[in-house]
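One file, target12.cif, carrying mmCIF, C-alpha atoms:
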data_protein
loop_
_atom_site.group_PDB
_atom_site.id
_atom_site.type_symbol
_atom_site.label_atom_id
_atom_site.label_comp_id
_atom_site.auth_asym_id
_atom_site.auth_seq_id
_atom_site.Cartn_x
_atom_site.Cartn_y
_atom_site.Cartn_z
ATOM 1 C CA MET A 1 0.000 0.000 0.000
ATOM 2 C CA GLU A 2 2.846 2.387 0.838
ATOM 3 C CA GLY A 3 4.458 1.718 -2.544
ATOM 4 C CA LEU A 4 1.181 2.401 -4.340
ATOM 5 C CA LEU A 5 0.794 5.738 -2.555
ATOM 6 C CA LYS A 6 4.325 6.771 -3.588
ATOM 7 C CA VAL A 7 3.590 5.883 -7.204
ATOM 8 C CA LEU A 8 0.317 7.827 -7.118
ATOM 9 C CA GLY A 9 2.288 10.795 -5.794
ATOM 10 C CA PHE A 10 4.558 10.647 -8.855
ATOM 11 C CA VAL A 11 1.578 10.385 -11.193
ATOM 12 C CA PHE A 12 -0.101 13.322 -9.446
ATOM 13 C CA PHE A 13 2.864 15.608 -10.124
ATOM 14 C CA ILE A 14 3.020 14.457 -13.758
ATOM 15 C CA PHE A 15 -0.557 15.694 -14.120
ATOM 16 C CA VAL A 16 0.413 18.887 -12.273
ATOM 17 C CA GLY A 17 3.121 19.465 -14.894
ATOM 18 C CA TYR A 18 0.628 18.816 -17.698
ATOM 19 C CA PHE A 19 -1.942 21.144 -16.086
ATOM 20 C CA LEU A 20 0.637 23.919 -15.700
ATOM 21 C CA LYS A 21 1.474 23.608 -19.392
ATOM 22 C CA ARG A 22 -2.142 23.567 -20.536
ATOM 23 C CA THR A 23 -2.988 26.636 -18.436
ATOM 24 C CA HIS A 24 0.167 28.437 -19.684
ATOM 25 C CA ILE A 25 1.449 28.934 -16.155
ATOM 26 C CA LEU A 26 4.614 27.239 -17.370
ATOM 27 C CA LYS A 27 5.570 28.217 -20.920
ATOM 28 C CA GLU A 28 6.906 25.938 -23.657
ATOM 29 C CA ASP A 29 10.502 27.083 -23.128
ATOM 30 C CA THR A 30 10.258 26.079 -19.448
ATOM 31 C CA VAL A 31 11.087 22.538 -20.592
ATOM 32 C CA HIS A 32 14.638 23.625 -21.441
ATOM 33 C CA ALA A 33 15.154 25.224 -18.032
ATOM 34 C CA LEU A 34 13.737 22.210 -16.181
ATOM 35 C CA SER A 35 15.772 19.710 -18.186
ATOM 36 C CA GLY A 36 18.931 21.769 -17.609
ATOM 37 C CA LEU A 37 18.370 21.810 -13.842
ATOM 38 C CA LEU A 38 17.581 18.104 -13.839
ATOM 39 C CA LEU A 39 20.504 16.897 -15.951
ATOM 40 C CA TYR A 40 23.208 19.194 -14.587
ATOM 41 C CA VAL A 41 22.175 19.802 -10.959
ATOM 42 C CA THR A 42 19.642 17.525 -9.277
ATOM 43 C CA LEU A 43 20.496 14.255 -11.063
ATOM 44 C CA PRO A 44 24.274 14.562 -10.463
ATOM 45 C CA CYS A 45 23.449 15.328 -6.808
ATOM 46 C CA LEU A 46 21.330 12.170 -6.630
ATOM 47 C CA ILE A 47 24.115 10.093 -8.201
ATOM 48 C CA LEU A 48 26.627 11.457 -5.676
ATOM 49 C CA VAL A 49 24.358 10.698 -2.716
ATOM 50 C CA CYS A 50 23.470 7.171 -3.849
ATOM 51 C CA LEU A 51 26.905 6.031 -5.026
ATOM 52 C CA ASN A 52 29.102 7.717 -2.419
ATOM 53 C CA GLY A 53 31.309 5.117 -0.719
ATOM 54 C CA LEU A 54 29.618 2.215 -2.504
ATOM 55 C CA HIS A 55 31.571 -0.996 -3.146
ATOM 56 C CA ILE A 56 31.270 -2.160 -6.757
ATOM 57 C CA GLU A 57 31.394 -5.859 -7.633
ATOM 58 C CA ALA A 58 33.165 -6.626 -10.905
ATOM 59 C CA SER A 59 30.252 -8.761 -12.140
ATOM 60 C CA TYR A 60 28.009 -5.691 -12.213
ATOM 61 C CA PHE A 61 30.010 -4.187 -15.076
ATOM 62 C CA TRP A 62 28.245 -6.652 -17.363
ATOM 63 C CA LEU A 63 25.291 -4.290 -17.011
ATOM 64 C CA ILE A 64 27.075 -1.779 -19.258
ATOM 65 C CA GLY A 65 27.110 -4.415 -21.991
ATOM 66 C CA LEU A 66 23.458 -5.133 -21.308
ATOM 67 C CA GLY A 67 22.652 -1.465 -21.921
ATOM 68 C CA LEU A 68 24.396 -1.717 -25.279
ATOM 69 C CA ALA A 69 22.770 -5.050 -26.168
ATOM 70 C CA SER A 70 19.261 -3.811 -25.333
ATOM 71 C CA ASN A 71 19.667 -0.944 -27.794
ATOM 72 C CA PHE A 72 20.998 -3.259 -30.508
ATOM 73 C CA PHE A 73 18.012 -5.565 -29.931
ATOM 74 C CA MET A 74 15.583 -2.738 -30.722
ATOM 75 C CA ILE A 75 17.734 -1.545 -33.645
ATOM 76 C CA GLY A 76 17.533 -5.081 -35.043
ATOM 77 C CA ILE A 77 13.743 -5.026 -34.741
ATOM 78 C CA ALA A 78 13.645 -1.672 -36.549
ATOM 79 C CA CYS A 79 15.765 -3.103 -39.381
ATOM 80 C CA LEU A 80 13.513 -6.159 -39.579
ATOM 81 C CA ILE A 81 10.237 -4.246 -39.853
ATOM 82 C CA THR A 82 11.625 -1.814 -42.445
ATOM 83 C CA ARG A 83 13.235 -4.356 -44.749
ATOM 84 C CA LYS A 84 10.533 -3.636 -47.367
ATOM 85 C CA HIS A 85 10.404 0.087 -46.575
ATOM 86 C CA PRO A 86 14.017 1.272 -46.197
ATOM 87 C CA GLU A 87 12.870 4.905 -46.380
ATOM 88 C CA ASN A 88 11.451 4.467 -42.855
ATOM 89 C CA ARG A 89 14.557 2.820 -41.409
ATOM 90 C CA LEU A 90 16.259 5.960 -40.063
ATOM 91 C CA PHE A 91 13.131 7.108 -38.213
ATOM 92 C CA ASP A 92 12.333 3.669 -36.794
ATOM 93 C CA MET A 93 15.882 3.016 -35.617
ATOM 94 C CA LEU A 94 16.058 6.367 -33.848
ATOM 95 C CA ASN A 95 12.654 6.090 -32.198
ATOM 96 C CA LEU A 96 12.334 2.416 -31.301
ATOM 97 C CA SER A 97 15.689 2.104 -29.548
ATOM 98 C CA GLY A 98 17.019 3.705 -26.368
ATOM 99 C CA PHE A 99 15.715 4.119 -22.833
ATOM 100 C CA ASN A 100 14.914 7.311 -20.964
ATOM 101 C CA VAL A 101 16.832 6.524 -17.776
ATOM 102 C CA GLY A 102 17.881 9.954 -16.472
ATOM 103 C CA THR A 103 14.530 11.752 -16.505
ATOM 104 C CA PHE A 104 12.245 8.748 -16.064
ATOM 105 C CA VAL A 105 13.727 5.592 -14.525
ATOM 106 C CA MET A 106 15.927 7.230 -11.874
ATOM 107 C CA PRO A 107 13.283 9.625 -10.520
ATOM 108 C CA PHE A 108 10.644 6.895 -10.507
ATOM 109 C CA LEU A 109 12.822 4.328 -8.758
ATOM 110 C CA GLN A 110 15.038 6.465 -6.509
ATOM 111 C CA THR A 111 12.818 5.991 -3.458
ATOM 112 C CA PHE A 112 12.309 2.265 -4.068
ATOM 113 C CA VAL A 113 15.878 0.973 -4.544
ATOM 114 C CA THR A 114 18.953 0.407 -2.403
ATOM 115 C CA PRO A 115 22.308 2.014 -3.315
ATOM 116 C CA THR A 116 23.294 -1.246 -5.047
ATOM 117 C CA GLY A 117 20.083 -1.158 -7.042
ATOM 118 C CA PHE A 118 20.738 2.445 -8.007
ATOM 119 C CA LEU A 119 24.250 1.445 -9.119
ATOM 120 C CA SER A 120 22.754 -1.110 -11.509
ATOM 121 C CA ILE A 121 20.645 1.648 -13.096
ATOM 122 C CA CYS A 122 23.755 3.817 -13.553
ATOM 123 C CA LEU A 123 25.817 1.035 -15.127
ATOM 124 C CA PHE A 124 23.021 0.078 -17.532
ATOM 125 C CA ASP A 125 22.646 3.731 -18.509
ATOM 126 C CA ILE A 126 26.344 4.019 -19.409
ATOM 127 C CA GLY A 127 25.867 1.418 -22.155
ATOM 128 C CA ASN A 128 22.487 2.852 -23.077
ATOM 129 C CA SER A 129 23.913 6.380 -23.342
ATOM 130 C CA ILE A 130 26.759 5.271 -25.608
ATOM 131 C CA MET A 131 24.107 4.266 -28.120
ATOM 132 C CA CYS A 132 21.659 7.133 -27.571
ATOM 133 C CA THR A 133 24.195 9.948 -27.717
ATOM 134 C CA GLY A 134 25.331 9.296 -31.277
ATOM 135 C CA THR A 135 26.079 5.664 -32.081
ATOM 136 C CA THR A 136 22.514 4.771 -33.103
ATOM 137 C CA TYR A 137 22.267 7.889 -35.260
ATOM 138 C CA ALA A 138 25.599 7.100 -36.931
ATOM 139 C CA ILE A 139 24.496 3.532 -37.663
ATOM 140 C CA ALA A 140 21.059 4.595 -38.896
ATOM 141 C CA SER A 141 22.221 7.467 -41.084
ATOM 142 C CA GLY A 142 25.411 5.835 -42.335
ATOM 143 C CA THR A 143 27.417 8.876 -41.249
ATOM 144 C CA GLY A 144 30.478 8.866 -39.068
ATOM 145 C CA THR A 145 32.923 5.984 -39.072
ATOM 146 C CA GLY A 146 36.107 5.144 -37.249
ATOM 147 C CA LEU A 147 37.756 7.965 -35.362
ATOM 148 C CA THR A 148 35.078 10.498 -36.329
ATOM 149 C CA LEU A 149 32.370 8.333 -34.788
ATOM 150 C CA VAL A 150 34.394 7.835 -31.603
ATOM 151 C CA LYS A 151 34.991 11.586 -31.271
ATOM 152 C CA THR A 152 31.290 12.333 -31.759
ATOM 153 C CA ILE A 153 30.235 9.788 -29.132
ATOM 154 C CA LEU A 154 32.814 10.956 -26.590
ATOM 155 C CA LYS A 155 31.901 14.608 -27.142
ATOM 156 C CA ARG A 156 28.211 13.927 -26.538
ATOM 157 C CA MET A 157 28.823 11.610 -23.606
ATOM 158 C CA PHE A 158 31.118 13.943 -21.712
ATOM 159 C CA SER A 159 28.843 16.926 -22.242
ATOM 160 C CA SER A 160 26.174 15.006 -20.303
ATOM 161 C CA GLY A 161 25.882 15.788 -16.605
ATOM 162 C CA PRO A 162 24.704 12.290 -15.571
ATOM 163 C CA ILE A 163 27.375 10.434 -17.558
ATOM 164 C CA CYS A 164 30.176 12.604 -16.175
ATOM 165 C CA SER A 165 28.752 11.977 -12.706
ATOM 166 C CA TYR A 166 28.720 8.213 -13.308
ATOM 167 C CA PHE A 167 32.355 8.146 -14.315
ATOM 168 C CA VAL A 168 33.516 10.409 -11.477
ATOM 169 C CA MET A 169 31.724 8.327 -8.848
ATOM 170 C CA LEU A 170 32.929 5.031 -10.347
ATOM 171 C CA ILE A 171 36.536 6.252 -10.353
ATOM 172 C CA LEU A 172 36.212 7.444 -6.756
ATOM 173 C CA ALA A 173 34.732 4.067 -5.783
ATOM 174 C CA PHE A 174 37.739 2.287 -7.302
ATOM 175 C CA VAL A 175 40.246 4.419 -5.396
ATOM 176 C CA GLY A 176 38.197 4.120 -2.210
ATOM 177 C CA TYR A 177 37.421 7.823 -1.783
ATOM 178 C CA THR A 178 34.279 8.847 0.092
ATOM 179 C CA PHE A 179 32.930 12.382 0.180
ATOM 180 C CA PRO A 180 32.629 13.860 3.690
ATOM 181 C CA ALA A 181 29.204 13.996 5.332
ATOM 182 C CA THR A 182 28.908 17.769 4.823
ATOM 183 C CA VAL A 183 29.235 17.444 1.046
ATOM 184 C CA VAL A 184 26.694 14.617 0.993
ATOM 185 C CA ASP A 185 24.260 16.706 3.054
ATOM 186 C CA TRP A 186 24.588 19.562 0.570
ATOM 187 C CA ALA A 187 24.033 17.171 -2.348
ATOM 188 C CA LYS A 188 20.898 15.788 -0.684
ATOM 189 C CA ILE A 189 19.246 19.195 -1.087
ATOM 190 C CA GLY A 190 19.492 18.861 -4.862
ATOM 191 C CA ALA A 191 18.836 15.103 -4.833
ATOM 192 C CA ASN A 192 15.564 15.557 -2.956
ATOM 193 C CA ALA A 193 14.310 17.893 -5.696
ATOM 194 C CA ASN A 194 15.133 15.469 -8.509
ATOM 195 C CA ALA A 195 11.942 13.392 -8.550
ATOM 196 C CA PHE A 196 9.721 16.482 -8.329
ATOM 197 C CA LEU A 197 11.452 18.244 -11.240
ATOM 198 C CA ALA A 198 11.417 15.080 -13.342
ATOM 199 C CA MET A 199 7.680 14.509 -12.869
ATOM 200 C CA ILE A 200 6.879 18.139 -13.757
ATOM 201 C CA LEU A 201 9.121 17.790 -16.830
ATOM 202 C CA LEU A 202 7.356 14.576 -17.897
ATOM 203 C CA GLY A 203 3.996 16.296 -17.548
ATOM 204 C CA GLN A 204 5.269 19.191 -19.656
ATOM 205 C CA SER A 205 6.393 16.811 -22.418
ATOM 206 C CA ILE A 206 3.113 14.911 -22.833
ATOM 207 C CA ARG A 207 0.929 15.797 -25.821
ATOM 208 C CA PHE A 208 -2.533 14.349 -26.320
ATOM 209 C CA VAL A 209 -3.436 16.207 -29.518
ATOM 210 C CA MET A 210 -2.099 14.422 -32.607
ATOM 211 C CA PRO A 211 -2.930 14.566 -36.330
ATOM 212 C CA ARG A 212 -5.338 11.766 -37.247
ATOM 213 C CA GLU A 213 -3.243 10.725 -40.251
ATOM 214 C CA GLN A 214 -0.276 10.049 -37.941
ATOM 215 C CA LEU A 215 -2.180 8.077 -35.335
ATOM 216 C CA LYS A 216 -2.248 4.691 -37.106
ATOM 217 C CA GLU A 217 1.500 4.727 -37.765
ATOM 218 C CA LEU A 218 2.233 5.975 -34.239
ATOM 219 C CA LEU A 219 0.157 3.201 -32.689
ATOM 220 C CA ARG A 220 1.895 0.610 -34.880
ATOM 221 C CA LEU A 221 5.321 1.783 -33.740
ATOM 222 C CA LEU A 222 4.181 1.990 -30.124
ATOM 223 C CA VAL A 223 2.927 -1.615 -30.191
ATOM 224 C CA ILE A 224 6.261 -2.761 -31.649
ATOM 225 C CA ARG A 225 8.178 -0.855 -28.984
ATOM 226 C CA LEU A 226 6.012 -2.302 -26.202
ATOM 227 C CA ALA A 227 6.365 -5.830 -27.617
ATOM 228 C CA GLY A 228 10.147 -5.430 -27.604
ATOM 229 C CA SER A 229 9.989 -4.108 -24.044
ATOM 230 C CA LEU A 230 7.943 -7.118 -22.968
ATOM 231 C CA VAL A 231 10.482 -9.567 -24.413
ATOM 232 C CA MET A 232 13.397 -7.741 -22.776
ATOM 233 C CA SER A 233 11.620 -7.344 -19.458
ATOM 234 C CA LEU A 234 10.802 -11.065 -19.198
ATOM 235 C CA ALA A 235 14.302 -12.079 -20.288
ATOM 236 C CA MET A 236 15.971 -9.741 -17.788
ATOM 237 C CA TYR A 237 13.724 -10.848 -14.940
ATOM 238 C CA TYR A 238 13.875 -14.614 -15.488
ATOM 239 C CA LEU A 239 17.130 -15.339 -17.302
ATOM 240 C CA LEU A 240 19.880 -13.080 -15.930
ATOM 241 C CA PRO A 241 22.202 -14.403 -13.169
ATOM 242 C CA PHE A 242 21.810 -11.383 -10.872
ATOM 243 C CA PRO A 243 20.161 -11.002 -7.457
ATOM 244 C CA TYR A 244 16.391 -10.475 -7.410
ATOM 245 C CA GLU A 245 16.639 -6.724 -6.788
ATOM 246 C CA ILE A 246 18.826 -6.179 -9.858
ATOM 247 C CA ARG A 247 16.631 -8.358 -12.094
ATOM 248 C CA LYS A 248 13.550 -6.480 -10.901
ATOM 249 C CA ILE A 249 15.130 -3.110 -11.706
ATOM 250 C CA LEU A 250 16.266 -4.246 -15.146
ATOM 251 C CA ALA A 251 12.768 -5.576 -15.864
ATOM 252 C CA LEU A 252 11.399 -2.111 -15.052
ATOM 253 C CA ILE A 253 14.058 -0.296 -17.116
ATOM 254 C CA ALA A 254 12.932 -2.274 -20.172
ATOM 255 C CA TRP A 255 9.606 -0.401 -19.980
ATOM 256 C CA ALA A 256 11.221 3.059 -19.941
ATOM 257 C CA PRO A 257 9.986 5.438 -22.659
ATOM 258 C CA VAL A 258 12.065 6.276 -25.693
ATOM 259 C CA PRO A 259 14.601 9.037 -24.944
ATOM 260 C CA VAL A 260 14.067 12.605 -26.100
ATOM 261 C CA VAL A 261 17.411 12.486 -27.907
ATOM 262 C CA GLY A 262 15.694 10.464 -30.654
ATOM 263 C CA LEU A 263 13.583 13.535 -31.397
ATOM 264 C CA ILE A 264 16.709 15.706 -31.442
ATOM 265 C CA PHE A 265 18.367 13.470 -34.043
ATOM 266 C CA CYS A 266 15.153 13.393 -36.103
ATOM 267 C CA ILE A 267 15.232 17.187 -36.183
ATOM 268 C CA LYS A 268 18.878 17.076 -37.236
ATOM 269 C CA ALA A 269 18.126 14.577 -40.009
ATOM 270 C CA LYS A 270 14.860 16.342 -41.011
ATOM 271 C CA CYS A 271 13.127 13.026 -40.458
ATOM 272 C CA LYS A 272 9.491 13.497 -39.309
ATOM 273 C CA PRO A 273 10.268 15.379 -36.064
ATOM 274 C CA SER A 274 6.593 16.044 -35.245
ATOM 275 C CA MET A 275 5.856 12.317 -35.404
ATOM 276 C CA ALA A 276 8.880 11.633 -33.193
ATOM 277 C CA ALA A 277 7.562 14.122 -30.606
ATOM 278 C CA ASN A 278 4.127 12.489 -30.618
ATOM 279 C CA LEU A 279 5.602 8.983 -30.344
ATOM 280 C CA ASN A 280 7.648 10.154 -27.379
ATOM 281 C CA SER A 281 4.485 11.457 -25.683
ATOM 282 C CA LEU A 282 2.630 8.172 -26.220
ATOM 283 C CA SER A 283 5.647 6.243 -24.984
ATOM 284 C CA VAL A 284 5.843 8.329 -21.801
ATOM 285 C CA ALA A 285 2.127 7.881 -21.094
ATOM 286 C CA CYS A 286 2.321 4.085 -21.540
ATOM 287 C CA SER A 287 5.499 3.815 -19.458
ATOM 288 C CA VAL A 288 3.957 5.744 -16.573
ATOM 289 C CA VAL A 289 1.031 3.312 -16.437
ATOM 290 C CA ILE A 290 3.094 0.134 -16.888
ATOM 291 C CA VAL A 291 5.972 1.000 -14.532
ATOM 292 C CA SER A 292 3.559 2.301 -11.899
ATOM 293 C CA THR A 293 1.603 -0.954 -12.068
ATOM 294 C CA LEU A 294 4.715 -3.155 -11.922
ATOM 295 C CA LEU A 295 6.106 -1.209 -8.959
ATOM 296 C CA THR A 296 3.036 -2.108 -6.945
ATOM 297 C CA ILE A 297 3.134 -5.853 -7.734
ATOM 298 C CA LEU A 298 6.832 -6.811 -8.039
#
Final structure tokens representation of the file:
Amino acid sequence: MEGLLKVLGFVFFIFVGYFLKRTHILKEDTVHALSGLLLYVTLPCLILVCLNGLHIEASYFWLIGLGLASNFFMIGIACLITRKHPENRLFDMLNLSGFNVGTFVMPFLQTFVTPTGFLSICLFDIGNSIMCTGTTYAIASGTGTGLTLVKTILKRMFSSGPICSYFVMLILAFVGYTFPATVVDWAKIGANANAFLAMILLGQSIRFVMPREQLKELLRLLVIRLAGSLVMSLAMYYLLPFPYEIRKILALIAWAPVPVVGLIFCIKAKCKPSMAANLNSLSVACSVVIVSTLLTIL
């Protein structure tokens, strides 16, 4: 019952964010300010608080590879369904793969997981981010090979607040450094605001008004994405050789919505950006319902 009430609290603030957008109390450009605060202030604070002084088992580093493999699984599905329509391949690869970990999974799960569980989210997201920040786009568009591709990926990765935070905390864990209590207390101020900002941001990003001619194609892609998520979620929960807590978290991550970066790359490639925005909204709405439900029963 306590878990259900927490989840309902998250959902409530998502609707608050949507209401504030619809009533124009928060403007469209507020999304950029909220996402900046989330990615470069509150989320790094949360990562510091949760990973400070944490011992890392070597076996957990396989989760980075799992983040990579999960993206390649969805890329493979996109290639399969577009084999007769190659003109759709770029869009489908960008918008069926990837997982919104930073602004969805972490805020949703931060009050439900132990530090070790939070570590598993971070490690998965390292592999996931390698794909989302440029590798998937390079594969899909056929641009960027060799050293150029590596430079592009590194540039995007190390301009990301969460990824830089992951690497700093992992390095500090290896050398055995622990931040003093005062620093952790300061970071908790930002960490405590993370879930609230993320839920408001999710509410701001949801759109329920979509062109009728897009709806059939959007629903088709959404069903494919959800089917892929179901396969991954079951495989992660039942087949992986990790403790129950880690398998549970990975099963939930599989239901994360598609990341916003897919929309950004669609804009860059001039590849149906409005459809990408609408698919992202549908994906967020479905993920909220599914993850909320699973949190109450797992």
Sorted by chain and rising residue number, list the residues of segment 186-222 of chain A at most 8 Å from segment 18-30 of chain A (counting all atoms listed in the file), each with its closest atom pair and distance in Å to one decimal, as CSV.
residue,atom,partner,partner_atom,distance
A:Ile200,CA,A:Tyr18,CA,7.4
A:Leu202,CA,A:Tyr18,CA,8.0
A:Gly203,CA,A:Tyr18,CA,4.2
A:Gln204,CA,A:Tyr18,CA,5.1
A:Ser205,CA,A:Tyr18,CA,7.7
A:Ile206,CA,A:Tyr18,CA,6.9
**Item:** Selection near Thr133 of chain A, 12 Å with only C-alpha atoms, sequence-local residues under 2 positions removed, as JSON, numbers by chain
**Value:** {"A": [68, 71, 94, 97, 98, 99, 100, 125, 126, 127, 128, 129, 130, 131, 135, 136, 137, 138, 139, 149, 150, 151, 152, 153, 154, 155, 156, 157, 158, 159, 160, 163, 259, 260, 261, 262, 263, 264, 265]}
**Prompt:** With all atoms listed in the file as the atoms that count, which of A:Leu219, A:Leu63, A:Leu295, A:Cys45 lies nearest to Ile189 of chain A?
**Reply:** A:Cys45
**Item:** Atomic distance atom CA of Cys132 of chain A - atom CA of Thr114 of chain A, expressed in Å with one decimal
**Value:**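 For atom CA of Cys132 of chain A relative to atom CA of Thr114 of chain A, the distance reads 26.2 Å.
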**Request:** With a distance cut-off of 10 Å and all atoms listed in the file, select the neighbouring residues of Cys122 of chain A, excluding the residue or stretch itself and same-chain residues fewer than 6 positions from it, and output the selection as a PyMOL selection string.
**Result:** chain A and resi 47+51+63-64+67+101-102+106+116+128+162-163+165-167+170
**Message:** Residues near Leu38 of chain A, anyone? I mean within 10 Å using only C-alpha atoms, not counting same-chain ones fewer than 6 positions away, as a PyMOL selection string.
**Reply:** chain A and resi 32+44-45+102-103+161-162+190-191+193-198+201
**Request:** Please evaluate the PyMOL selection byres ((chain A and resi 242) around 12) against the displayed coordinates and give the resulting residues as a list of chain:residue names.
**Result:** A:Glu57, A:Ser59, A:Tyr60, A:Phe61, A:Trp62, A:Leu63, A:Thr116, A:Gly117, A:Ser120, A:Met236, A:Tyr237, A:Tyr238, A:Leu239, A:Leu240, A:Pro241, A:Pro243, A:Tyr244, A:Glu245, A:Ile246, A:Arg247, A:Lys248, A:Ile249, A:Leu250, A:Ala251
Could those selected residues go to a file with C-alpha atoms, as a PDB file, in the coordinates of the input?
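And here's out38.pdb as it stands now:
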ATOM      1  CA  GLU A  57      31.394  -5.859  -7.633  1.00  0.00           C
ATOM      2  CA  SER A  59      30.252  -8.761 -12.140  1.00  0.00           C
ATOM      3  CA  TYR A  60      28.009  -5.691 -12.213  1.00  0.00           C
ATOM      4  CA  PHE A  61      30.010  -4.187 -15.076  1.00  0.00           C
ATOM      5  CA  TRP A  62      28.245  -6.652 -17.363  1.00  0.00           C
ATOM      6  CA  LEU A  63      25.291  -4.290 -17.011  1.00  0.00           C
ATOM      7  CA  THR A 116      23.294  -1.246  -5.047  1.00  0.00           C
ATOM      8  CA  GLY A 117      20.083  -1.158  -7.042  1.00  0.00           C
ATOM      9  CA  SER A 120      22.754  -1.110 -11.509  1.00  0.00           C
ATOM     10  CA  MET A 236      15.971  -9.741 -17.788  1.00  0.00           C
ATOM     11  CA  TYR A 237      13.724 -10.848 -14.940  1.00  0.00           C
ATOM     12  CA  TYR A 238      13.875 -14.614 -15.488  1.00  0.00           C
ATOM     13  CA  LEU A 239      17.130 -15.339 -17.302  1.00  0.00           C
ATOM     14  CA  LEU A 240      19.880 -13.080 -15.930  1.00  0.00           C
ATOM     15  CA  PRO A 241      22.202 -14.403 -13.169  1.00  0.00           C
ATOM     16  CA  PRO A 243      20.161 -11.002  -7.457  1.00  0.00           C
ATOM     17  CA  TYR A 244      16.391 -10.475  -7.410  1.00  0.00           C
ATOM     18  CA  GLU A 245      16.639  -6.724  -6.788  1.00  0.00           C
ATOM     19  CA  ILE A 246      18.826  -6.179  -9.858  1.00  0.00           C
ATOM     20  CA  ARG A 247      16.631  -8.358 -12.094  1.00  0.00           C
ATOM     21  CA  LYS A 248      13.550  -6.480 -10.901  1.00  0.00           C
ATOM     22  CA  ILE A 249      15.130  -3.110 -11.706  1.00  0.00           C
ATOM     23  CA  LEU A 250      16.266  -4.246 -15.146  1.00  0.00           C
ATOM     24  CA  ALA A 251      12.768  -5.576 -15.864  1.00  0.00           C
TER      25      ALA A 251
END
**Request:** Could you check how far atom CA of Met169 of chain A sits from atom CA of Ser233 of chain A, in Å to one decimal?
**Result:**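 Pair atom CA of Met169 of chain A / atom CA of Ser233 of chain A returns 27.6 Å.
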**Prompt:** Do you have the atom CA of Gly17 of chain A-atom CA of Arg212 of chain A distance handy?
**Reply:**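 Separation between atom CA of Gly17 of chain A and atom CA of Arg212 of chain A: 25.1 Å.
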Ile224 of chain A environment, 10 Å, all atoms listed in the file, sequence neighbours closer than 2 positions dropped, as a short mmCIF file (atom, residue, chain, number, x, y, z; two decimals) with C-alpha atoms, in the coordinates of the input:
data_model
loop_
_atom_site.label_atom_id
_atom_site.label_comp_id
_atom_site.auth_asym_id
_atom_site.auth_seq_id
_atom_site.Cartn_x
_atom_site.Cartn_y
_atom_site.Cartn_z
CA MET A 74 15.58 -2.74 -30.72
CA ILE A 77 13.74 -5.03 -34.74
CA ALA A 78 13.64 -1.67 -36.55
CA ILE A 81 10.24 -4.25 -39.85
CA LEU A 96 12.33 2.42 -31.30
CA LEU A 218 2.23 5.98 -34.24
CA LEU A 219 0.16 3.20 -32.69
CA ARG A 220 1.90 0.61 -34.88
CA LEU A 221 5.32 1.78 -33.74
CA LEU A 222 4.18 1.99 -30.12
CA LEU A 226 6.01 -2.30 -26.20
CA ALA A 227 6.36 -5.83 -27.62
CA GLY A 228 10.15 -5.43 -27.60
CA SER A 229 9.99 -4.11 -24.04
CA LEU A 230 7.94 -7.12 -22.97
#
**Prompt:** Applied to this file, what does the PyMOL selection byres ((chain A and resi 79) around 10) return in terms of residues, put as a ChimeraX atom specification?
**Reply:** /A:74-78,80-86,88-90,92-93,140
**Request:** Between A:Leu172, A:Ala254, A:Leu279, A:Met210, single out the one closest to Cys266 of chain A, counting all atoms listed in the file.
**Result:**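 For Cys266 of chain A, the nearest of the given residues is A:Leu279.
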**Request:** For each of A:Leu54, A:Leu109, A:Ala277, A:Lys268, take the minimum atom-to-atom distance to Arg207 of chain A, counting all atoms listed in the file, then give the residue where this is smallest.
**Result:** A:Ala277
**Prompt:** Which residue gives the smallest distance to Val291 of chain A among A:Phe118, A:Phe10, A:Phe15, A:Phe124, with all atoms listed in the file counted?
**Reply:**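 Once distances to Val291 of chain A are computed over all atoms listed in the file, the minimum belongs to A:Phe10.
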**Prompt:** In file coordinates, which residues lie within 6 Å of (33.5, -1.0, -8.3) using only C-alpha atoms, given as a ChimeraX atom specification?
**Reply:** /A:55-57,173-174
**Item:** Counting only C-alpha atoms, the residue of A:Cys50, A:Val41, A:Leu119, A:Val209 that sits nearest Ser274 of chain A
**Value:** A:Val209
**Message:** Using only C-alpha atoms for the distances, tell me which of A:Phe73, A:Leu66, A:Gly53, A:Gln214 is nearest to Ile171 of chain A.
**Reply:** A:Gly53
**Message:** Which residues are close to Lys6 of chain A, i.e. within 12 Å by all atoms listed in the file, leaving aside same-chain residues fewer than 5 positions away? Reply as number ranges by chain.
**Reply:** A: 1, 11-13, 107-112, 195, 292-293, 295-296
